[in-house]
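**Student:** So here's coords.pdb, just PDB, C-alpha atoms, pLDDT in the B column:
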ATOM      1  CA  LEU A  30     -24.116  18.115 -13.383  1.00 74.00           C
ATOM      2  CA  VAL A  31     -22.565  14.664 -12.965  1.00 80.00           C
ATOM      3  CA  HIS A  32     -19.214  15.971 -14.212  1.00 78.00           C
ATOM      4  CA  SER A  33     -19.213  18.358 -11.241  1.00 80.00           C
ATOM      5  CA  LEU A  34     -19.571  15.704  -8.519  1.00 83.00           C
ATOM      6  CA  HIS A  35     -16.012  16.404  -7.380  1.00 83.00           C
ATOM      7  CA  GLN A  36     -17.091  19.910  -6.332  1.00 85.00           C
ATOM      8  CA  TYR A  37     -19.958  18.891  -4.051  1.00 85.00           C
ATOM      9  CA  SER A  38     -20.111  17.415  -0.582  1.00 88.00           C
ATOM     10  CA  PHE A  39     -20.672  13.685  -0.268  1.00 89.00           C
ATOM     11  CA  GLU A  40     -24.296  14.189   0.770  1.00 90.00           C
ATOM     12  CA  ASN A  41     -25.043  16.336  -2.281  1.00 88.00           C
ATOM     13  CA  SER A  42     -23.219  13.944  -4.595  1.00 87.00           C
ATOM     14  CA  LYS A  43     -25.208  11.038  -3.175  1.00 89.00           C
ATOM     15  CA  ILE A  44     -28.498  12.866  -3.817  1.00 88.00           C
ATOM     16  CA  ILE A  45     -27.436  13.668  -7.386  1.00 87.00           C
ATOM     17  CA  ILE A  46     -26.496  10.025  -7.996  1.00 87.00           C
ATOM     18  CA  GLU A  47     -29.802   8.807  -6.529  1.00 87.00           C
ATOM     19  CA  GLN A  48     -31.727  11.080  -8.922  1.00 86.00           C
ATOM     20  CA  LEU A  49     -30.048   9.690 -12.046  1.00 82.00           C
ATOM     21  CA  THR A  50     -32.211   7.485 -14.209  1.00 79.00           C
ATOM     22  CA  ASP A  51     -29.251   5.585 -15.669  1.00 81.00           C
ATOM     23  CA  VAL A  52     -26.116   5.803 -13.531  1.00 82.00           C
ATOM     24  CA  ASN A  53     -23.968   3.848 -15.998  1.00 78.00           C
ATOM     25  CA  VAL A  54     -24.679   6.167 -18.924  1.00 79.00           C
ATOM     26  CA  ALA A  55     -24.102   9.282 -16.823  1.00 82.00           C
ATOM     27  CA  LEU A  56     -20.810   8.062 -15.346  1.00 81.00           C
ATOM     28  CA  LYS A  57     -19.425   6.730 -18.641  1.00 79.00           C
ATOM     29  CA  ASP A  58     -20.115  10.067 -20.383  1.00 78.00           C
ATOM     30  CA  LYS A  59     -16.858  11.766 -21.339  1.00 78.00           C
ATOM     31  CA  ASN A  60     -16.390  15.520 -21.466  1.00 74.00           C
ATOM     32  CA  ASN A  61     -14.610  17.423 -24.240  1.00 73.00           C
ATOM     33  CA  VAL A  62     -11.145  16.443 -22.923  1.00 76.00           C
ATOM     34  CA  GLY A  63     -12.021  12.754 -22.591  1.00 75.00           C
ATOM     35  CA  HIS A  64     -12.552  12.490 -18.826  1.00 79.00           C
ATOM     36  CA  ASN A  65     -15.563  10.924 -17.156  1.00 81.00           C
ATOM     37  CA  PRO A  66     -16.934  11.917 -13.716  1.00 84.00           C
ATOM     38  CA  ILE A  67     -15.065   9.124 -11.907  1.00 84.00           C
ATOM     39  CA  ASP A  68     -11.774  10.374 -13.378  1.00 84.00           C
ATOM     40  CA  LYS A  69     -12.503  13.808 -11.947  1.00 84.00           C
ATOM     41  CA  LEU A  70     -13.354  12.335  -8.542  1.00 84.00           C
ATOM     42  CA  SER A  71     -10.128  10.322  -8.571  1.00 85.00           C
ATOM     43  CA  SER A  72      -7.998  13.302  -9.480  1.00 82.00           C
ATOM     44  CA  ASP A  73      -9.070  15.216  -6.353  1.00 82.00           C
ATOM     45  CA  LEU A  74      -8.841  12.803  -3.420  1.00 82.00           C
ATOM     46  CA  ARG A  75     -10.413  14.921  -0.719  1.00 85.00           C
ATOM     47  CA  GLU A  76     -12.495  13.119   1.854  1.00 87.00           C
ATOM     48  CA  ARG A  77     -15.794  13.999   0.167  1.00 88.00           C
ATOM     49  CA  ASN A  78     -14.593  12.560  -3.148  1.00 87.00           C
ATOM     50  CA  VAL A  79     -13.173   9.424  -1.548  1.00 90.00           C
ATOM     51  CA  LYS A  80     -16.527   8.804   0.162  1.00 92.00           C
ATOM     52  CA  THR A  81     -18.323   9.320  -3.137  1.00 90.00           C
ATOM     53  CA  ILE A  82     -16.025   6.849  -4.915  1.00 90.00           C
ATOM     54  CA  GLU A  83     -16.502   4.266  -2.159  1.00 91.00           C
ATOM     55  CA  TYR A  84     -20.279   4.758  -2.347  1.00 91.00           C
ATOM     56  CA  LEU A  85     -20.326   4.374  -6.117  1.00 90.00           C
ATOM     57  CA  PHE A  86     -18.286   1.177  -6.136  1.00 90.00           C
ATOM     58  CA  SER A  87     -20.051  -0.367  -3.143  1.00 89.00           C
ATOM     59  CA  GLU A  88     -23.656   0.571  -3.911  1.00 87.00           C
ATOM     60  CA  LYS A  89     -24.244   1.696  -7.481  1.00 86.00           C
ATOM     61  CA  LEU A  90     -21.731   0.380  -9.986  1.00 85.00           C
ATOM     62  CA  ASP A  91     -20.771  -2.971 -11.385  1.00 85.00           C
ATOM     63  CA  MET A  92     -17.028  -3.094 -10.772  1.00 87.00           C
ATOM     64  CA  ALA A  93     -16.430  -5.257 -13.830  1.00 85.00           C
ATOM     65  CA  LEU A  94     -17.801  -2.507 -16.092  1.00 87.00           C
ATOM     66  CA  TYR A  95     -15.671   0.141 -14.372  1.00 88.00           C
ATOM     67  CA  LYS A  96     -12.479  -1.899 -14.097  1.00 90.00           C
ATOM     68  CA  LYS A  97     -10.297   0.760 -15.743  1.00 90.00           C
ATOM     69  CA  GLU A  98     -11.575   3.512 -13.434  1.00 90.00           C
ATOM     70  CA  LEU A  99     -11.160   1.262 -10.390  1.00 91.00           C
ATOM     71  CA  ILE A 100      -7.564   0.408 -11.298  1.00 91.00           C
ATOM     72  CA  ASP A 101      -6.800   4.086 -11.968  1.00 91.00           C
ATOM     73  CA  TYR A 102      -8.165   4.966  -8.532  1.00 91.00           C
ATOM     74  CA  ILE A 103      -6.085   2.234  -6.867  1.00 92.00           C
ATOM     75  CA  VAL A 104      -2.914   3.401  -8.643  1.00 92.00           C
ATOM     76  CA  LYS A 105      -3.539   7.049  -7.709  1.00 91.00           C
ATOM     77  CA  SER A 106      -4.106   6.057  -4.082  1.00 91.00           C
ATOM     78  CA  SER A 107      -0.938   3.976  -4.194  1.00 91.00           C
ATOM     79  CA  ASN A 108       1.010   6.969  -5.475  1.00 90.00           C
ATOM     80  CA  ILE A 109      -0.258   9.000  -2.523  1.00 89.00           C
ATOM     81  CA  LEU A 110       1.004   6.312  -0.167  1.00 87.00           C
ATOM     82  CA  LYS A 111       4.349   6.185  -1.996  1.00 89.00           C
ATOM     83  CA  ASN A 112       4.962   9.932  -1.676  1.00 87.00           C
ATOM     84  CA  LYS A 113       6.663  10.553   1.675  1.00 87.00           C
ATOM     85  CA  GLN A 114       5.775  14.271   1.605  1.00 89.00           C
ATOM     86  CA  THR A 115       2.040  13.610   1.635  1.00 86.00           C
ATOM     87  CA  LYS A 116       0.212  14.654   4.781  1.00 89.00           C
ATOM     88  CA  PRO A 117      -0.408  11.773   7.193  1.00 89.00           C
ATOM     89  CA  SER A 118      -4.172  12.382   7.158  1.00 88.00           C
ATOM     90  CA  LEU A 119      -4.322  12.048   3.362  1.00 89.00           C
ATOM     91  CA  ARG A 120      -2.148   8.935   3.482  1.00 90.00           C
ATOM     92  CA  GLN A 121      -4.434   7.376   6.104  1.00 91.00           C
ATOM     93  CA  ARG A 122      -7.540   8.271   4.092  1.00 90.00           C
ATOM     94  CA  ALA A 123      -6.091   6.634   0.962  1.00 90.00           C
ATOM     95  CA  PHE A 124      -5.078   3.538   2.944  1.00 91.00           C
ATOM     96  CA  ASP A 125      -8.513   3.218   4.587  1.00 92.00           C
ATOM     97  CA  SER A 126     -10.275   3.738   1.274  1.00 92.00           C
ATOM     98  CA  LEU A 127      -8.254   1.003  -0.433  1.00 92.00           C
ATOM     99  CA  ASN A 128      -9.004  -1.296   2.482  1.00 92.00           C
ATOM    100  CA  VAL A 129     -12.744  -0.669   2.018  1.00 92.00           C
ATOM    101  CA  ILE A 130     -12.578  -1.152  -1.758  1.00 92.00           C
ATOM    102  CA  PHE A 131     -10.487  -4.334  -1.549  1.00 92.00           C
ATOM    103  CA  ASN A 132     -12.905  -5.920   0.942  1.00 91.00           C
ATOM    104  CA  LEU A 133     -16.084  -5.291  -1.043  1.00 90.00           C
ATOM    105  CA  PRO A 134     -17.963  -8.555  -1.668  1.00 89.00           C
ATOM    106  CA  GLN A 135     -18.579  -7.570  -5.296  1.00 88.00           C
ATOM    107  CA  LEU A 136     -14.832  -7.449  -5.882  1.00 88.00           C
ATOM    108  CA  GLN A 137     -13.956 -10.522  -3.834  1.00 86.00           C
ATOM    109  CA  SER A 138     -16.511 -12.697  -5.622  1.00 87.00           C
ATOM    110  CA  ASN A 139     -15.398 -11.827  -9.183  1.00 87.00           C
ATOM    111  CA  GLU A 140     -12.370 -13.986 -10.023  1.00 89.00           C
ATOM    112  CA  ASN A 141     -11.604 -12.353 -13.400  1.00 90.00           C
ATOM    113  CA  LEU A 142     -11.662  -8.870 -11.881  1.00 90.00           C
ATOM    114  CA  LYS A 143      -9.494  -9.975  -8.960  1.00 90.00           C
ATOM    115  CA  GLU A 144      -6.925 -11.444 -11.338  1.00 91.00           C
ATOM    116  CA  SER A 145      -6.825  -8.283 -13.442  1.00 92.00           C
ATOM    117  CA  ILE A 146      -6.416  -6.064 -10.381  1.00 91.00           C
ATOM    118  CA  ALA A 147      -3.722  -8.322  -8.943  1.00 91.00           C
ATOM    119  CA  LYS A 148      -1.695  -8.094 -12.182  1.00 92.00           C
ATOM    120  CA  ASN A 149      -1.950  -4.310 -12.196  1.00 90.00           C
ATOM    121  CA  LEU A 150      -1.039  -4.080  -8.519  1.00 90.00           C
ATOM    122  CA  ALA A 151       2.052  -6.189  -9.093  1.00 90.00           C
ATOM    123  CA  HIS A 152       3.300  -3.849 -11.827  1.00 89.00           C
ATOM    124  CA  LYS A 153       2.134  -0.407 -10.719  1.00 90.00           C
ATOM    125  CA  CYS A 154       1.700  -0.288  -6.940  1.00 89.00           C
ATOM    126  CA  THR A 155       3.855  -0.215  -3.841  1.00 87.00           C
ATOM    127  CA  PRO A 156       4.413  -3.283  -1.660  1.00 88.00           C
ATOM    128  CA  GLU A 157       2.258  -1.636   1.008  1.00 89.00           C
ATOM    129  CA  VAL A 158      -0.763  -1.688  -1.322  1.00 90.00           C
ATOM    130  CA  GLN A 159       0.082  -5.199  -2.508  1.00 90.00           C
ATOM    131  CA  TYR A 160       0.125  -6.379   1.102  1.00 90.00           C
ATOM    132  CA  LEU A 161      -3.214  -4.664   1.739  1.00 90.00           C
ATOM    133  CA  TRP A 162      -4.620  -6.484  -1.309  1.00 91.00           C
ATOM    134  CA  LEU A 163      -3.319  -9.840  -0.086  1.00 89.00           C
ATOM    135  CA  SER A 164      -4.713  -9.301   3.400  1.00 87.00           C
ATOM    136  CA  ALA A 165      -8.223  -8.479   2.119  1.00 82.00           C
ATOM    137  CA  LYS A 166     -10.818 -10.899   3.391  1.00 70.00           C
ATOM    138  CA  MET A 167     -11.788 -13.715   1.118  1.00 59.00           C
ATOM    139  CA  PRO A 168     -15.431 -14.678   0.649  1.00 51.00           C
ATOM    140  CA  ASN A 169     -16.831 -17.567   2.605  1.00 53.00           C
ATOM    141  CA  LYS A 170     -16.911 -20.657   0.443  1.00 52.00           C
ATOM    142  CA  GLY A 171     -19.209 -22.570   2.767  1.00 49.00           C
ATOM    143  CA  ASP A 172     -18.725 -25.297   5.265  1.00 41.00           C
ATOM    144  CA  ASN A 173     -17.850 -27.985   2.761  1.00 45.00           C
ATOM    145  CA  ILE A 174     -14.156 -27.879   3.600  1.00 46.00           C
ATOM    146  CA  LYS A 175     -12.552 -31.300   3.290  1.00 47.00           C
ATOM    147  CA  ARG A 176     -10.786 -32.284   6.439  1.00 46.00           C
ATOM    148  CA  PRO A 177      -8.356 -35.147   6.641  1.00 47.00           C
ATOM    149  CA  LYS A 178      -9.600 -38.232   8.476  1.00 50.00           C
ATOM    150  CA  ILE A 179      -7.582 -39.181  11.485  1.00 50.00           C
TER     151      ILE A 179
END
Transcribe the structure of this file into structure tokens.
**Tutor:**
Amino acid sequence: LVHSLHQYSFENSKIIIEQLTDVNVALKDKNNVGHNPIDKLSSDLRERNVKTIEYLFSEKLDMALYKKELIDYIVKSSNILKNKQTKPSLRQRAFDSLNVIFNLPQLQSNENLKESIAKNLAHKCTPEVQYLWLSAKMPNKGDNIKRPKI
């Protein structure tokens, strides 16, 4: 059932995900051709699947464990933005989705994951996506900023 998430609406996918006893085991399970459910969601970037991916990464999954799937999703979204023949609505959806993903606190607070994503972005993604990555908000470090004495 989890391998068919890409066929359901976001609401149905969310209910299916909520009913899983172990989300990590279900989403890491590969089918007979070696794809997991997140790969299938990423290969069909309709709005319902984009919402499901955003929900998974923001609410349910540890991004560090799903680094490969996250990078694959970012690269696929970047390729949509690179293709000038893509419909404007799909381009905007991919851009908005990357903006949401890049600004997630779970991603911004993990330095190793950020470094790995930055390296992949530099080699595989368009400057537009690289700029979006660089403009993502940084986590608050607190008020202990050293100010020069005047």
**Student:** Using all atoms listed in the file, find all polymer residues with an atom at most 7 Å away from the point (-19.4, 16.3, -1.2); report them as a VMD selection string.
**Tutor:** chain A and resid 36 to 42 77 to 78
**Student:** Could those selected residues go to a file with C-alpha atoms, as an mmCIF file, in the coordinates of the input?
**Tutor:**
data_model
loop_
_atom_site.group_PDB
_atom_site.id
_atom_site.type_symbol
_atom_site.label_atom_id
_atom_site.label_comp_id
_atom_site.auth_asym_id
_atom_site.auth_seq_id
_atom_site.Cartn_x
_atom_site.Cartn_y
_atom_site.Cartn_z
ATOM 1 C CA GLN A 36 -17.091 19.910 -6.332
ATOM 2 C CA TYR A 37 -19.958 18.891 -4.051
ATOM 3 C CA SER A 38 -20.111 17.415 -0.582
ATOM 4 C CA PHE A 39 -20.672 13.685 -0.268
ATOM 5 C CA GLU A 40 -24.296 14.189 0.770
ATOM 6 C CA ASN A 41 -25.043 16.336 -2.281
ATOM 7 C CA SER A 42 -23.219 13.944 -4.595
ATOM 8 C CA ARG A 77 -15.794 13.999 0.167
ATOM 9 C CA ASN A 78 -14.593 12.560 -3.148
#
**Student:** Taking the file as shown, what set of residues would the PyMOL selection byres ((chain A and resi 57) around 12) give back, as a ChimeraX atom specification?
**Tutor:** /A:31-32,51-56,58-60,63-69,90,94-98
**Student:** So that I can see what lies close to Val129 (chain A), please list as a VMD selection string the residues with an atom at most 9 Å from it, counting all atoms listed in the file and leaving out residues fewer than 5 positions away in the same chain.
**Tutor:** chain A and resid 83 87 124
**Student:** I'd like to know which of A:Leu85, A:His35, A:Ile103, A:Ile45 is closest to Leu70 (chain A), using all atoms listed in the file.
**Tutor:**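 With all atoms listed in the file as the atom set, the closest residue is A:His35.
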**Student:** So the first atom is CA of Ala165 (chain A) and the second is CA of Lys43 (chain A); what is the distance between them in Å, to one decimal place?
**Tutor:**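 Value for the CA of Ala165 (chain A)-CA of Lys43 (chain A) distance: 26.4 Å.
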**Student:** Evaluating the PyMOL selection byres ((chain A and resi 147-153) around 10) on the displayed file yields which residues, as a list in words?
**Tutor:** Ile100, Asp101, Ile103, Val104, Lys105, Ser107, Asn108, Asn141, Leu142, Lys143, Glu144, Ser145, Ile146, Cys154, Thr155, Pro156, Val158, Gln159, Tyr160, Trp162 and Leu163 of chain A
**Student:** Take CA of Tyr84 (chain A) and CA of Lys111 (chain A) and report the distance between them in Å, one decimal.
**Tutor:**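 So the answer is 24.7 Å.
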**Student:** So that I can check the surroundings of Asn132 (chain A), please list as a list in words every protein, DNA and RNA residue that reaches within 9 Å of it, counting only C-alpha atoms and ignoring chain neighbours fewer than 2 positions away.
**Tutor:**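 The residues satisfying every condition are Leu127, Asn128, Val129, Ile130, Pro134, Gln135, Leu136, Gln137, Trp162, Ala165, Lys166 and Met167 of chain A.
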**Student:** Using CA of Leu119 (chain A) and CA of Phe86 (chain A) as the two end points, give the distance in Å to one decimal.
**Tutor:**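 CA of Phe86 (chain A) lies at a distance of 20.1 Å from CA of Leu119 (chain A).
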**Student:** Please return the centre and edge lengths, in Å to one decimal, of a box with edges along x, y and z that contains all listed atoms of region 115-126 of chain A, widened by 4 Å on every side, as AutoDock Vina command-line options.
**Tutor:**
--center_x -4.1 --center_y 8.9 --center_z 4.1 --size_x 20.3 --size_y 19.4 --size_z 14.2
**Student:** Have a look at A:Leu99, A:Glu47, A:Arg120, A:Asp125 and name the one nearest to Ile82 (chain A); count all atoms listed in the file.
**Tutor:**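 Once distances to Ile82 (chain A) are computed over all atoms listed in the file, the minimum belongs to A:Leu99.
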